[in-house]
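What follows is a single structure, written as structure tokens, with notes after it.
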Amino acid sequence: MTSRVAVILVAMEEEAEPFLALASEVSEPVRIGRAEHRGMVIDARTHVLVRSGVGMVNGASAAAGALARYGDDVHLVSAGSAGGLARGVQVGDVIVSDSLVNVGADARAFGYALGQVPGMPVAYEGDPELRRALLAARGDLTVREGSVGSGERFVTAEVAAQLREDFPHLLAVDMESAAIAQVAHNHGARFISVRGISDLCAPDGTEFLTHVDDAAERSARLVTAALATL
């Protein structure tokens with residue numbers, strides 16, 4: 001794999017901060033739509049950090065803007081936090097996506113699979129070479145490889161119970177990655193999601209608020225360690 005610019009997409013400032021803390025140089029922010037773009041140098045390599053805002057449309061818009069600005073030949077990475085869904089997933093784990101699904105898509109009336117947007121794949125595959133680099137860079141982190149779902153709802157206990165029934169293979173859920181994956185698929189761009197588990201879909205947002213910072217830090221640590229090897 002040849003060295004490429006990495007475009008790292010995060011939703012929130014809390015998810016951007018650990019990347020900025022690791023950088024030796026950071027450019028002034030540039031706005032493209034709602035998204036904020038910053039160039040940064042980490043381990044003598046230049047990357048772009050894009051803060052999209054929360055949600056599927058914000059994530060997709062930021063990804064499309066990044067690909068238009070930097071070209072399709074980039075590593076596109078969705079980083080930050082996620083809710084743990086599968087049995088055995090714990091707060092503190094980091095999930096590397098092998099596939100991604102839009103949990104809000106339901107066109108079964110027309111013969112599509114649950115989670116499949118009409119005309120799109122049933123799921124979007126994470127780039128296999130990026131996956132291998134991330135798994136090799138895990139160090140002391142607990143890293144799990146598997147399926148990630150995304151939708152517009154913050155997943156509390158009631159929502160999680162339905163998702164486990166509908167999508168029993170999902171390890172984790174967030175609010176952006178599958179939308180970014182669809183944009184990457186449409187452009188033929190290399191994509192992966194790397195999310196630290198901040199909560200286990202608790203009844204309210206308390207667990208998320210307690211652990212979003214350390215979940216984002218673990219995601220950033222794994223992403224930057226892997227990118228340094230590419």
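A note on labels: chains of the structure tokens are A, B, ... as shown, every chain counts residues from 1, and ligands are counted from 1 in their shown order.
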Contacts of Ser99 (chain A) within 7 Å, only C-alpha atoms, excl. fewer than 3 positions in-chain, as a list of chain:residue names: A:Ala123, A:Tyr124, A:Glu125, A:Gly126, A:Gly146, A:Ser147, A:Val148
Tell me, as a ChimeraX atom specification, which residues lie within 6 Å of region 11-15 of chain A, counting only C-alpha atoms; anything in the same chain fewer than 3 positions away does not count. /A:51-54,80,213,216
Could you please write out, as a count of residues only, every residue of region 9-83 of chain A that DSSP assigns to strand (DSSP E)? 31
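Considering only C-alpha atoms, the residue among A:Arg87, A:Arg38, A:His75, A:His169 positioned nearest to Val103 (chain A) is A:His169.
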Within 9 Å of Ala137 (chain A), counting only C-alpha atoms, which residues qualify if same-chain residues fewer than 5 places away don't, as a PyMOL selection string? chain A and resi 132+222-223+225-226+229
Can those selected residues be exported to a file as a PDB file, in the first residue's frame so that it contains N, CA, C and O atoms?
ATOM      1  N   ARG A 132      -6.087  -4.487   8.530  1.00  0.00           N
ATOM      2  CA  ARG A 132      -4.885  -5.217   8.947  1.00  0.00           C
ATOM      3  C   ARG A 132      -3.899  -4.293   9.661  1.00  0.00           C
ATOM      4  O   ARG A 132      -3.290  -4.675  10.672  1.00  0.00           O
ATOM      5  N   LEU A 222      -5.155   4.447  18.398  1.00  0.00           N
ATOM      6  CA  LEU A 222      -5.063   3.337  17.449  1.00  0.00           C
ATOM      7  C   LEU A 222      -4.951   3.851  16.009  1.00  0.00           C
ATOM      8  O   LEU A 222      -4.122   3.359  15.237  1.00  0.00           O
ATOM      9  N   VAL A 223      -5.745   4.847  15.658  1.00  0.00           N
ATOM     10  CA  VAL A 223      -5.722   5.371  14.294  1.00  0.00           C
ATOM     11  C   VAL A 223      -4.333   5.914  13.953  1.00  0.00           C
ATOM     12  O   VAL A 223      -3.754   5.602  12.907  1.00  0.00           O
ATOM     13  N   ALA A 225      -1.438   5.320  15.384  1.00  0.00           N
ATOM     14  CA  ALA A 225      -0.413   4.268  15.369  1.00  0.00           C
ATOM     15  C   ALA A 225      -0.455   3.491  14.066  1.00  0.00           C
ATOM     16  O   ALA A 225       0.601   3.172  13.494  1.00  0.00           O
ATOM     17  N   ALA A 226      -1.642   3.194  13.566  1.00  0.00           N
ATOM     18  CA  ALA A 226      -1.755   2.468  12.303  1.00  0.00           C
ATOM     19  C   ALA A 226      -1.311   3.320  11.127  1.00  0.00           C
ATOM     20  O   ALA A 226      -0.590   2.846  10.237  1.00  0.00           O
ATOM     21  N   THR A 229       2.295   3.469  10.079  1.00  0.00           N
ATOM     22  CA  THR A 229       2.902   2.305   9.418  1.00  0.00           C
ATOM     23  C   THR A 229       2.588   2.238   7.927  1.00  0.00           C
ATOM     24  O   THR A 229       3.135   1.367   7.231  1.00  0.00           O
TER      25      THR A 229
END
Produce a table with one row for each residue of region 60-167 of chain A that has an atom at most 10 Å from any atom of region 172-187 of chain A, each row naming the nearest atom pair and its distance in Å at one decimal; use only C-alpha atoms; arrange rows by chain and rising residue number; format as a tab-separated table.
residue	atom	partner	partner_atom	distance
A:Ala60	CA	A:Ile180	CA	4.9
A:Ser61	CA	A:Ile180	CA	8.4
A:Ala62	CA	A:Ile180	CA	8.3
A:Ala63	CA	A:Ile180	CA	5.9
A:Ala64	CA	A:Val183	CA	6.5
A:Leu67	CA	A:His187	CA	8.0
A:Ala68	CA	A:His187	CA	9.8
A:Gly71	CA	A:His187	CA	9.3
A:Asp72	CA	A:His187	CA	6.3
A:Asp73	CA	A:His187	CA	9.3
A:His75	CA	A:Ala184	CA	9.8
A:Leu76	CA	A:Ala184	CA	7.6
A:Val77	CA	A:Ser177	CA	8.9
A:Ser78	CA	A:Ser177	CA	5.9
A:Ala79	CA	A:Ser177	CA	8.4
A:Gly80	CA	A:Asp174	CA	9.3
A:Ser81	CA	A:Asp174	CA	7.3
A:Ala82	CA	A:Asp174	CA	4.9
A:Gly83	CA	A:Val173	CA	5.3
A:Gly84	CA	A:Ala172	CA	4.5
A:Leu85	CA	A:Ala172	CA	4.8
A:Ala86	CA	A:Ala172	CA	6.8
A:Val89	CA	A:Ala172	CA	8.2
A:Val94	CA	A:Ala172	CA	9.7
A:Ile95	CA	A:Ala172	CA	7.4
A:Val96	CA	A:Ala172	CA	9.9
A:Ser97	CA	A:Ala172	CA	9.3
A:Ser99	CA	A:Ala178	CA	8.9
A:Leu100	CA	A:Ala178	CA	5.4
A:Val101	CA	A:Ala178	CA	5.6
A:Asn102	CA	A:Ala178	CA	5.5
A:Val103	CA	A:Ala178	CA	8.7
A:Val117	CA	A:Gln182	CA	9.4
A:Met120	CA	A:Gln182	CA	8.0
A:Pro121	CA	A:Gln182	CA	8.9
A:Ala123	CA	A:Ala178	CA	8.5
A:Tyr124	CA	A:Ala181	CA	6.2
A:Glu125	CA	A:Ala181	CA	8.1
A:Gly126	CA	A:Ala181	CA	8.0
A:Gly146	CA	A:Ala172	CA	8.5
A:Ser147	CA	A:Ala172	CA	7.2
A:Val148	CA	A:Ala172	CA	5.1
A:Gly149	CA	A:Val173	CA	4.7
A:Ser150	CA	A:Asp174	CA	4.8
A:Gly151	CA	A:Met175	CA	5.0
A:Glu152	CA	A:Met175	CA	5.6
A:Arg153	CA	A:Met175	CA	7.2
A:Phe154	CA	A:Met175	CA	7.4
A:Val155	CA	A:Val173	CA	7.6
A:Ala160	CA	A:Val173	CA	9.1
A:Leu163	CA	A:Val173	CA	9.3
Tell me which of A:Ile42, A:Ser193, A:Arg4, A:Ala66 sits closest to Leu20 (chain A), counting only C-alpha atoms.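 Going through A:Ile42, A:Ser193, A:Arg4, A:Ala66 one by one, the smallest distance to Leu20 (chain A) is for A:Ile42.
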Excluding Gly139 (chain A) and its own-chain neighbours fewer than 3 positions away, which residues fall within 10 Å of it when counting only C-alpha atoms? Please give them as a ChimeraX atom specification. /A:134-136,142-143,221-222,225
Residue subset to file, keeping C-alpha atoms, as a PDB file, in the first residue's frame:
ATOM      1  CA  LEU A 134      -5.136  -1.216  12.655  1.00  0.00           C
ATOM      2  CA  LEU A 135      -5.168  -4.726  14.116  1.00  0.00           C
ATOM      3  CA  ALA A 136      -1.368  -4.900  13.914  1.00  0.00           C
ATOM      4  CA  THR A 142      -8.516  -4.249  23.462  1.00  0.00           C
ATOM      5  CA  VAL A 143      -9.485  -4.171  19.791  1.00  0.00           C
ATOM      6  CA  ARG A 221      -4.272   6.371  19.618  1.00  0.00           C
ATOM      7  CA  LEU A 222      -5.063   3.337  17.449  1.00  0.00           C
ATOM      8  CA  ALA A 225      -0.413   4.268  15.369  1.00  0.00           C
TER       9      ALA A 225
END
For Leu230 (chain A), the closest of A:Gly188, A:Val5, A:Gly33, A:Ile197 counting only C-alpha atoms is A:Val5
Per-residue DSSP, region 50-119 of chain A, filtered to helix (DSSP H, G or I), as a PyMOL selection string: chain A and resi 56-70+108-110
Selected residues, N, CA and C atoms, written as a compact mmCIF listing (two decimals), in the first residue's frame, please.
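That gives us part16.txt:
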# COMPACT_ATOMS: atom_id res chain seq x y z
N MET A 56 -26.07 11.35 10.60
CA MET A 56 -25.80 10.73 9.31
C MET A 56 -25.60 11.76 8.20
N VAL A 57 -26.46 12.76 8.14
CA VAL A 57 -26.35 13.75 7.07
C VAL A 57 -25.09 14.59 7.25
N ASN A 58 -24.80 15.00 8.47
CA ASN A 58 -23.57 15.76 8.72
C ASN A 58 -22.33 14.93 8.37
N GLY A 59 -22.34 13.66 8.73
CA GLY A 59 -21.21 12.80 8.41
C GLY A 59 -21.04 12.63 6.91
N ALA A 60 -22.14 12.37 6.20
CA ALA A 60 -22.07 12.19 4.75
C ALA A 60 -21.65 13.47 4.06
N SER A 61 -22.19 14.60 4.49
CA SER A 61 -21.84 15.88 3.89
C SER A 61 -20.35 16.19 4.07
N ALA A 62 -19.85 15.92 5.27
CA ALA A 62 -18.43 16.18 5.53
C ALA A 62 -17.54 15.27 4.70
N ALA A 63 -17.94 14.00 4.55
CA ALA A 63 -17.15 13.07 3.75
C ALA A 63 -17.13 13.48 2.29
N ALA A 64 -18.29 13.87 1.76
CA ALA A 64 -18.36 14.29 0.36
C ALA A 64 -17.52 15.54 0.13
N GLY A 65 -17.59 16.48 1.08
CA GLY A 65 -16.77 17.69 0.95
C GLY A 65 -15.29 17.39 1.00
N ALA A 66 -14.90 16.45 1.86
CA ALA A 66 -13.49 16.08 1.98
C ALA A 66 -12.99 15.42 0.70
N LEU A 67 -13.78 14.52 0.13
CA LEU A 67 -13.36 13.83 -1.09
C LEU A 67 -13.30 14.80 -2.27
N ALA A 68 -14.20 15.77 -2.29
CA ALA A 68 -14.15 16.78 -3.35
C ALA A 68 -12.90 17.65 -3.22
N ARG A 69 -12.49 17.92 -1.99
CA ARG A 69 -11.35 18.82 -1.76
C ARG A 69 -10.01 18.09 -1.91
N TYR A 70 -9.93 16.86 -1.40
CA TYR A 70 -8.63 16.16 -1.34
C TYR A 70 -8.51 15.01 -2.34
N ARG A 108 -37.81 -3.25 3.04
CA ARG A 108 -38.16 -4.66 2.88
C ARG A 108 -39.42 -4.84 2.04
N ALA A 109 -40.29 -3.85 2.02
CA ALA A 109 -41.50 -3.93 1.21
C ALA A 109 -41.18 -4.09 -0.27
N PHE A 110 -39.98 -3.68 -0.67
CA PHE A 110 -39.58 -3.78 -2.07
C PHE A 110 -38.52 -4.86 -2.29
Looking at only C-alpha atoms, which of A:Ala161, A:Arg31, A:Asp93, A:Gly119 is the one that sits closest to Asp199 (chain A)? A:Asp93
